[in-house]
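Asker: My structure file target.cif, mmCIF, C-alpha atoms, is below:
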data_start
loop_
_atom_site.label_atom_id
_atom_site.label_comp_id
_atom_site.auth_asym_id
_atom_site.auth_seq_id
_atom_site.Cartn_x
_atom_site.Cartn_y
_atom_site.Cartn_z
CA MET N 3 0.00 0.00 0.00
CA GLY N 4 1.35 3.39 -0.96
CA SER N 5 1.22 6.80 0.68
CA PHE N 6 -1.93 8.89 0.92
CA TYR N 7 -1.46 12.52 1.92
CA VAL N 8 -2.61 16.07 1.26
CA ASN N 9 -0.76 19.20 2.26
CA TYR N 10 -0.38 22.86 1.41
CA THR N 11 2.90 24.69 0.97
CA VAL N 12 2.23 28.35 1.71
CA ARG N 13 4.65 31.00 0.52
CA SER N 14 4.97 32.88 3.79
CA ALA N 15 7.53 33.71 6.44
CA ASP N 16 4.82 34.19 9.08
CA GLN N 17 3.76 30.98 10.82
CA ALA N 18 1.47 32.92 13.20
CA ALA N 19 -0.49 34.42 10.29
CA VAL N 20 -0.91 30.95 8.75
CA VAL N 21 -2.16 29.59 12.08
CA LYS N 22 -4.62 32.50 12.40
CA SER N 23 -5.99 31.89 8.89
CA LEU N 24 -6.94 28.32 9.88
CA LYS N 25 -9.16 29.32 12.81
CA GLY N 26 -11.96 26.81 13.27
CA ARG N 27 -10.19 24.03 11.35
CA SER N 28 -8.31 21.00 12.58
CA ALA N 29 -4.79 21.26 11.17
CA TYR N 30 -1.05 21.25 11.79
CA VAL N 31 1.31 24.03 10.74
CA THR N 32 5.07 23.60 10.38
CA PRO N 33 7.65 26.23 11.16
CA VAL N 34 8.88 28.50 8.39
CA LYS N 35 11.61 26.96 6.27
CA ASP N 36 12.93 28.21 2.95
CA GLY N 37 10.31 30.98 2.91
CA ALA N 38 7.37 28.60 3.22
CA VAL N 39 5.10 26.94 5.76
CA VAL N 40 3.51 23.52 5.26
CA VAL N 41 -0.06 22.90 6.43
CA THR N 42 -1.91 19.62 6.88
CA ASP N 43 -5.69 19.81 7.26
CA GLU N 44 -7.91 17.06 8.66
CA ALA N 45 -10.86 17.70 6.32
CA SER N 46 -8.55 17.36 3.30
CA GLU N 47 -7.67 13.79 4.26
CA THR N 48 -10.77 12.63 2.34
CA GLN N 49 -8.70 13.36 -0.78
CA GLU N 50 -11.75 14.90 -2.44
CA ILE N 51 -10.39 17.47 -4.89
CA ASP N 52 -13.11 20.01 -4.02
CA ALA N 53 -12.16 19.86 -0.32
CA VAL N 54 -8.48 20.25 -1.20
CA ARG N 55 -9.22 23.21 -3.48
CA GLU N 56 -11.34 24.84 -0.77
CA VAL N 57 -8.47 24.88 1.73
CA GLY N 58 -5.96 26.00 -0.90
CA GLU N 59 -8.22 28.88 -1.83
CA LEU N 60 -8.86 29.77 1.82
CA LEU N 61 -5.16 29.94 2.66
CA SER N 62 -4.24 31.82 -0.48
CA THR N 63 -7.07 34.33 -0.10
CA SER N 64 -6.64 35.05 3.59
CA LEU N 65 -2.86 35.33 3.37
CA LYS N 66 -2.80 37.03 -0.05
CA THR N 67 -0.07 34.71 -1.26
CA GLN N 68 0.75 31.62 -3.30
CA VAL N 69 -0.23 28.15 -2.08
CA LEU N 70 0.67 24.82 -3.61
CA ALA N 71 -1.96 22.23 -2.65
CA VAL N 72 -0.67 18.68 -3.18
CA LEU N 73 -2.51 15.36 -3.13
CA ASN N 74 -0.69 12.03 -3.30
CA HIS N 75 -3.06 9.10 -3.85
CA ASP N 76 -1.67 5.65 -3.03
CA ASP N 77 1.75 6.81 -4.23
CA ASP N 78 0.43 6.31 -7.78
CA MET N 79 -1.01 9.72 -8.63
CA LEU N 80 0.20 13.22 -7.77
CA TRP N 81 -2.24 16.11 -8.19
CA TYR N 82 -1.56 19.74 -7.42
CA GLY N 83 -3.41 23.02 -7.53
CA LEU N 84 -1.52 26.31 -7.48
CA PHE N 85 -3.37 29.23 -5.94
CA ASP N 86 -2.41 32.89 -6.15
CA LYS N 87 -4.29 35.31 -3.89
CA GLY N 88 -7.31 33.01 -3.85
CA ARG N 89 -7.39 32.14 -7.53
CA LEU N 90 -6.57 28.70 -8.91
CA THR N 91 -3.94 29.50 -11.54
CA ASP N 92 -2.56 26.06 -12.38
CA GLU N 93 -3.56 22.44 -11.95
CA TYR N 94 -1.70 19.20 -12.61
CA ASN N 95 -2.40 15.47 -12.56
CA SER N 96 0.35 12.91 -13.06
CA TRP N 97 -2.15 10.15 -13.98
CA PRO N 98 -5.46 11.71 -15.06
CA ASP N 99 -7.26 8.46 -15.83
CA TYR N 100 -5.99 6.58 -12.77
CA PHE N 101 -9.49 5.69 -11.54
CA GLU N 102 -10.44 4.36 -14.98
CA HIS N 103 -7.25 2.23 -15.06
CA GLY N 104 -6.07 4.12 -18.13
CA ASP N 105 -2.54 4.98 -19.10
CA SER N 106 -2.68 8.66 -20.06
CA PRO N 107 0.39 10.85 -19.64
CA PRO N 108 0.39 13.72 -17.12
CA THR N 109 -1.92 16.65 -17.84
CA GLY N 110 -1.81 20.30 -16.83
CA GLY N 111 1.02 21.84 -14.95
CA ASP N 112 2.73 25.04 -16.03
CA ALA N 113 6.38 25.07 -14.99
CA ARG N 114 6.64 28.81 -15.66
CA LYS N 115 3.75 29.65 -13.30
CA LEU N 116 4.95 27.23 -10.65
CA CYS N 117 8.50 28.60 -10.73
CA ALA N 118 7.29 32.21 -10.72
CA ALA N 119 5.06 31.53 -7.69
CA PHE N 120 8.04 30.39 -5.63
CA GLY N 121 10.73 32.66 -7.09
CA ARG N 122 12.56 29.92 -9.00
CA GLY N 123 12.49 31.16 -12.59
CA ASP N 124 15.91 29.60 -13.09
CA LYS N 125 14.42 26.10 -12.62
CA GLU N 126 11.71 26.05 -15.32
CA LYS N 127 13.32 23.30 -17.41
CA GLU N 128 13.96 21.12 -14.38
CA VAL N 129 10.37 21.55 -13.15
CA GLU N 130 9.00 20.88 -16.64
CA ASP N 131 11.00 17.65 -16.80
CA VAL N 132 9.58 16.53 -13.44
CA LEU N 133 6.03 17.30 -14.55
CA ARG N 134 6.31 15.48 -17.89
CA GLU N 135 8.27 12.41 -16.77
CA ALA N 136 6.31 9.21 -17.33
CA SER N 137 4.81 7.27 -14.45
CA ARG N 138 4.86 3.57 -13.78
CA GLU N 139 7.66 2.87 -16.24
CA ASP N 140 11.19 1.63 -15.65
CA ASP N 141 12.65 4.96 -16.70
CA GLY N 142 9.93 7.12 -15.11
CA TYR N 143 8.51 7.74 -11.65
CA VAL N 144 7.40 4.53 -9.98
CA PHE N 145 6.12 6.39 -6.90
CA ALA N 146 4.29 9.73 -6.82
CA MET N 147 6.23 10.64 -3.69
CA GLU N 148 9.44 10.60 -5.76
CA ARG N 149 7.92 13.08 -8.22
CA HIS N 150 6.79 15.28 -5.32
CA ALA N 151 10.29 15.16 -3.79
CA ASP N 152 11.90 16.22 -7.08
CA LEU N 153 9.36 19.03 -7.50
CA VAL N 154 9.96 20.28 -3.95
CA GLN N 155 13.72 20.19 -4.45
CA ALA N 156 13.57 22.06 -7.78
CA LEU N 157 11.30 24.73 -6.28
CA GLY N 158 13.44 25.12 -3.15
CA LEU N 159 10.53 24.23 -0.85
CA PRO N 160 10.80 22.54 2.56
CA ALA N 161 11.70 18.87 2.09
CA PHE N 162 9.36 17.89 4.92
CA ALA N 163 6.39 18.67 2.65
CA VAL N 164 7.01 15.29 1.03
CA GLY N 165 5.02 12.61 2.82
CA CYS N 166 3.47 15.05 5.29
CA GLY N 167 -0.24 14.51 5.86
CA PHE N 168 -2.63 15.12 8.73
CA LYS N 169 -3.22 11.44 9.49
CA TYR N 170 0.50 10.68 9.46
CA VAL N 171 1.25 13.58 11.81
CA GLU N 172 -1.55 12.45 14.16
CA GLU N 173 0.01 8.97 14.25
CA GLY N 174 3.47 10.39 14.94
CA GLU N 175 4.85 9.54 11.48
CA LEU N 176 6.72 12.71 10.70
CA PRO N 177 8.85 13.36 7.62
CA GLU N 178 12.58 13.71 8.12
CA GLY N 179 13.52 17.15 9.38
CA LEU N 180 10.31 17.68 11.36
CA SER N 181 9.62 16.96 15.03
CA GLU N 182 6.41 17.15 17.09
CA THR N 183 7.73 20.17 18.96
CA ASP N 184 8.10 22.02 15.64
CA LEU N 185 4.39 21.76 14.85
CA ARG N 186 1.53 24.05 15.84
CA LYS N 187 -1.75 22.17 16.21
CA ILE N 188 -4.98 23.97 15.45
CA SER N 189 -8.29 22.53 16.59
#
Please re-express this file's structure in structure tokens.

Answerer:
Amino acid sequence: MGSFYVNYTVRSADQAAVVKSLKGRSAYVTPVKDGAVVVTDEASETQEIDAVREVGELLSTSLKTQVLAVLNHDDDMLWYGLFDKGRLTDEYNSWPDYFEHGDSPPTGGDARKLCAAFGRGDKEKEVEDVLREASREDDGYVFAMERHADLVQALGLPAFAVGCGFKYVEEGELPEGLSETDLRKIS
């Protein structure tokens, strides 16, 4: 069984503001690292795209910033939505017909927008390569978490975003580089 997680990488150097924006939700907020904060939200654990979009939009609107919402489903499919000041500006799916057992290549994803959102214009080719790499093939990504790790590295985002989900945090399964004392719990 593969990984299942949803999280939000918020372009912000203000953990307290991120915590405040989540009032009334059940979530965890990481410390600031590399100019970003990672959020896990309990309601997003359903992996319903509409629920994930709702939180991405909420964070991006209330903080007036960029948010990368990421969903990893069974370590087979990686989906992301990029939000800028509340507006969904980019969307990506590494295996769009996963639930129909198809074999379509990745769809969506704009490396230029993604790099611009996180100040990494010098990494457009690298990000584009990560987005377009095949899945489930010997020379491609076997696990969606690997694709997410390469995307995070290219964008200069906190490495602990990879594999970080609300359920995992609740169970004490924290990504490398993150400890329980680092996290702010909102309930």

Asker: Need the shell around N:Glu47: protein/DNA/RNA residues with any atom at most 8 Å away, counting all atoms listed in the file. Skip same-chain ones fewer than 5 positions apart. Format as a list in words?

Answerer: Tyr7, Val8, Gly167, Phe168 and Lys169 of chain N

Asker: Specify as a list of chain:residue names each residue included when the PyMOL selection byres ((chain N and resi 80) around 8) is applied to this file.

Answerer: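 When the PyMOL selection byres ((chain N and resi 80) around 8) is applied, the selected residues are N:Val72, N:Leu73, N:Asn74, N:His75, N:Asp77, N:Asp78, N:Met79, N:Trp81, N:Tyr82, N:Tyr94, N:Asn95, N:Ser96, N:Trp97, N:Ala146, N:Met147, N:Arg149, N:His150.
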
Asker: Considering only C-alpha atoms, state which residue in the set N:Arg122, N:Asp36, N:Leu65, N:Val57 is at the smallest distance from N:Ala18.

Answerer: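 Among the listed residues, the smallest separation from N:Ala18 belongs to N:Leu65.
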
Asker: Identify, on the basis of all atoms listed in the file, every residue whose closest approach to N:Ser106 does not exceed 10 Å; exclude the query and any residue fewer than 4 positions from it along the same chain; express the result as an MDAnalysis selection string.

Answerer: chainID N and resid 96:100 136:137

Asker: Given only C-alpha atoms as the basis, pick out the residue of N:Glu178, N:Glu172, N:Glu130, N:Asp105 nearest to N:Leu157.

Answerer: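 Of all the options, N:Glu130 lies closest to N:Leu157.
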
Asker: Tell me, in Å to one decimal, how far atom CA of N:Ile51 is from atom CA of N:Ala156.

Answerer: 24.6 Å

Asker: Please produce stretch 14-29 of chain N, completed to N, CA and C atoms, as a compact mmCIF listing (two decimals), in the coordinates of the input.

Answerer:
# COMPACT_ATOMS: atom_id res chain seq x y z
N SER N 14 5.11 31.94 2.68
CA SER N 14 4.97 32.88 3.79
C SER N 14 6.12 32.68 4.77
N ALA N 15 6.51 33.76 5.39
CA ALA N 15 7.53 33.71 6.44
C ALA N 15 6.89 34.00 7.79
N ASP N 16 5.56 33.84 7.87
CA ASP N 16 4.82 34.19 9.08
C ASP N 16 3.94 33.02 9.53
N GLN N 17 4.51 32.14 10.34
CA GLN N 17 3.76 30.98 10.82
C GLN N 17 2.51 31.41 11.59
N ALA N 18 2.61 32.46 12.41
CA ALA N 18 1.47 32.92 13.20
C ALA N 18 0.30 33.34 12.32
N ALA N 19 0.58 34.01 11.21
CA ALA N 19 -0.49 34.42 10.29
C ALA N 19 -1.15 33.20 9.66
N VAL N 20 -0.36 32.19 9.33
CA VAL N 20 -0.91 30.95 8.75
C VAL N 20 -1.81 30.27 9.78
N VAL N 21 -1.35 30.19 11.01
CA VAL N 21 -2.16 29.59 12.08
C VAL N 21 -3.48 30.35 12.22
N LYS N 22 -3.42 31.67 12.24
CA LYS N 22 -4.62 32.50 12.40
C LYS N 22 -5.61 32.27 11.26
N SER N 23 -5.11 32.07 10.05
CA SER N 23 -5.99 31.89 8.89
C SER N 23 -6.75 30.57 8.94
N LEU N 24 -6.31 29.64 9.78
CA LEU N 24 -6.94 28.32 9.88
C LEU N 24 -7.90 28.21 11.06
N LYS N 25 -8.27 29.33 11.65
CA LYS N 25 -9.16 29.32 12.81
C LYS N 25 -10.43 28.51 12.50
N GLY N 26 -10.76 27.62 13.43
CA GLY N 26 -11.96 26.81 13.27
C GLY N 26 -11.73 25.50 12.54
N ARG N 27 -10.52 25.27 12.06
CA ARG N 27 -10.19 24.03 11.35
C ARG N 27 -9.34 23.16 12.25
N SER N 28 -9.21 21.91 11.90
CA SER N 28 -8.31 21.00 12.58
C SER N 28 -7.12 20.80 11.65
N ALA N 29 -5.94 21.26 12.07
CA ALA N 29 -4.79 21.26 11.17
C ALA N 29 -3.49 21.31 11.96
